[in-house]
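K.L.:
After the structure tokens below, expect a handful of questions from me.
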Amino acid sequence: MRKHFICKGIYIMLGKKNVPGIISMIIAILAPFMISFYFGPLIFGFFAIVIAIIGIIIVKNDMAGFIGLILGFTALHHAYFPQFIHPMEWNVVLAVLGYGVALANAFIGIANIRDLNGLKQQLGSVKAHKIQGRIESTLFICISTICISYPVRTLIASDPGSFTEDPTIEFHTFLGGIIAFSLFLVKVIPAFSNKDRIYKSGWILGPIGLAAWTLGYFTSLIDFFYYWIHEWSGPILVPQIWPNIYWAIISSIALSIILYFNARAYNFKVSKPALSPKTHGVALILHGIAFGYENATKDLVGSPVFHKYVYPYTYKSLSKLSVFLDLDLNNLKNQTVTDALELYMKRCTEIGMAEKIKINWISEDTFTIESINCSTSVVRSRIPPEEIKGSICPWALLSASLVNMLTGKNLEIMPSEFNEIGAKTELHLKDNVPEI
């Protein structure tokens, strides 16, 4: 079970579309080891960068691609341009930037620590937290890879006795590399593989991730400012970015404060005003009544009849909502089913009803609708799971109504799979649909 859970997390982070990014990451990791070959680091580093760019074009938020891109540039820099900034200080630069982003994400969590459930209605904060999480994860993996691979490269490229010339290489590799990386995986794999854990276990996963960052961060800074500069047997190093460790730490803190307040400002711009506790209570009652009527109706007429003949004809809801979306339902009839659905759901996200509503066509007559960070999930997730078992997400009802209006086909809606941040529902058209 645990093995399946870990594999699922890795698969979600690195799926089929991420293959170019994965290849780029592998090539970039190998690049520094090619120093004995003629222009080895140059060739490997260049290819890693090119393939990483391809991966990022295919998947805009391709974490593996960004890791390959950074490690590719790092390999080229370390091999051919170390005069611009010392390789060790380059690692410090990545650490200072990454720790600032990690602190900003921690501040967002701390601001909602009493009830992380409240983040669900703060779409701006959620988006900022997600983007910053990807940035900090990318930088952390890059830093850990450099820290762990450095002693290996030292052993391969030179006499094994030189391994002991660096007084900090052992504690830096294990404390700031292996241990920190292991702690970070404890946070990042559950967060990617099961979004529910962001809200249920965020108060545990967040500190674990920050602890990993703190280990890697201070190990890098102490190593550079207190050992490499003063005790390294080679040429004396002069820091080119920060004169001392204090300015490096101040830079991280300043960056975190800027990013945190930027996230707050973005949230104010994107999110609708927060619902008051009274409104939450009313919404909770209405959800309970709706699910109660749904369950009662299914008991009376049976789920198949309910799914096939009741849901697809809720046109009044479509018409009322289209006013807020500034959409003319008649104009949607001139579009394909896919385009009409995507436009409708995009307008719903633009007015703050959800962060994203994904439509995925499995076949000509089967598709899924998935809501992510739905604005009503903050209320719905308060309802005990047994009370909504077999129920259907409103987004599926609206989708079924729209498809029925556009095609005239009957639909069967499967019970929704609810989670902390939304729901996923599969829908079947009972007859063949027009080409989409």
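We label chains A, B, ... in the order they appear in the structure tokens, count residues from 1 in each chain, and number ligands from 1 in the order shown.
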Find the residues around Ala248 of chain A up to 10 Å (only C-alpha atoms counted), leave out those fewer than 3 positions away in its own chain, and share them as an MDAnalysis selection string.
P.N.:
chainID A and resid 92:93 95:97 221 225 241:245 251:254
K.L.:
Would you save the residues from that selection as a PDB file, in the first residue's frame, using C-alpha atoms?
P.N.:
ATOM      1  CA  VAL A  92      24.304  29.650  -1.993  1.00  0.00           C
ATOM      2  CA  VAL A  93      22.427  31.827  -4.502  1.00  0.00           C
ATOM      3  CA  ALA A  95      19.602  28.375  -1.463  1.00  0.00           C
ATOM      4  CA  VAL A  96      18.915  32.042  -0.623  1.00  0.00           C
ATOM      5  CA  LEU A  97      16.278  32.342  -3.352  1.00  0.00           C
ATOM      6  CA  LEU A 221      25.519  29.175   4.142  1.00  0.00           C
ATOM      7  CA  PHE A 225      30.873  31.715   4.669  1.00  0.00           C
ATOM      8  CA  ILE A 241      26.851  38.511  -4.154  1.00  0.00           C
ATOM      9  CA  TRP A 242      26.608  38.820  -0.368  1.00  0.00           C
ATOM     10  CA  PRO A 243      29.549  40.008   1.768  1.00  0.00           C
ATOM     11  CA  ASN A 244      28.590  37.809   4.737  1.00  0.00           C
ATOM     12  CA  ILE A 245      26.056  35.289   5.990  1.00  0.00           C
ATOM     13  CA  SER A 251      17.918  38.703   1.606  1.00  0.00           C
ATOM     14  CA  SER A 252      15.932  35.484   2.107  1.00  0.00           C
ATOM     15  CA  ILE A 253      13.694  37.069   4.730  1.00  0.00           C
ATOM     16  CA  ALA A 254      13.140  40.176   2.603  1.00  0.00           C
TER      17      ALA A 254
END
K.L.:
Residues within 8 Å of Glu370 of chain A, please, as a ChimeraX atom specification. Count only C-alpha atoms; anything in the same chain fewer than 3 positions from it doesn't count.
P.N.:
/A:357-359,422-425
K.L.:
Which residues come within 8 Å of Gly133 of chain A, counting only C-alpha atoms, excluding same-chain residues fewer than 4 positions away, as a list in words?
P.N.:
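Contacts, in chain order: Val101, Ala102, Asn105, His129 and Ser137 of chain A.
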K.L.:
If you count only C-alpha atoms, which residues fall within 10 Å of segment 40-54 of chain A, apart from same-chain ones fewer than 3 positions away, as an MDAnalysis selection string?
P.N.:
chainID A and resid 18:37 57:60 62:80
K.L.:
Near segment 408-415 of chain A, counting only C-alpha atoms, which residues have an atom at most 6 Å away, once you skip same-chain residues fewer than 3 positions from it, shown as a PyMOL selection string?
P.N.:
chain A and resi 307-308+390-392+404-405+426-430
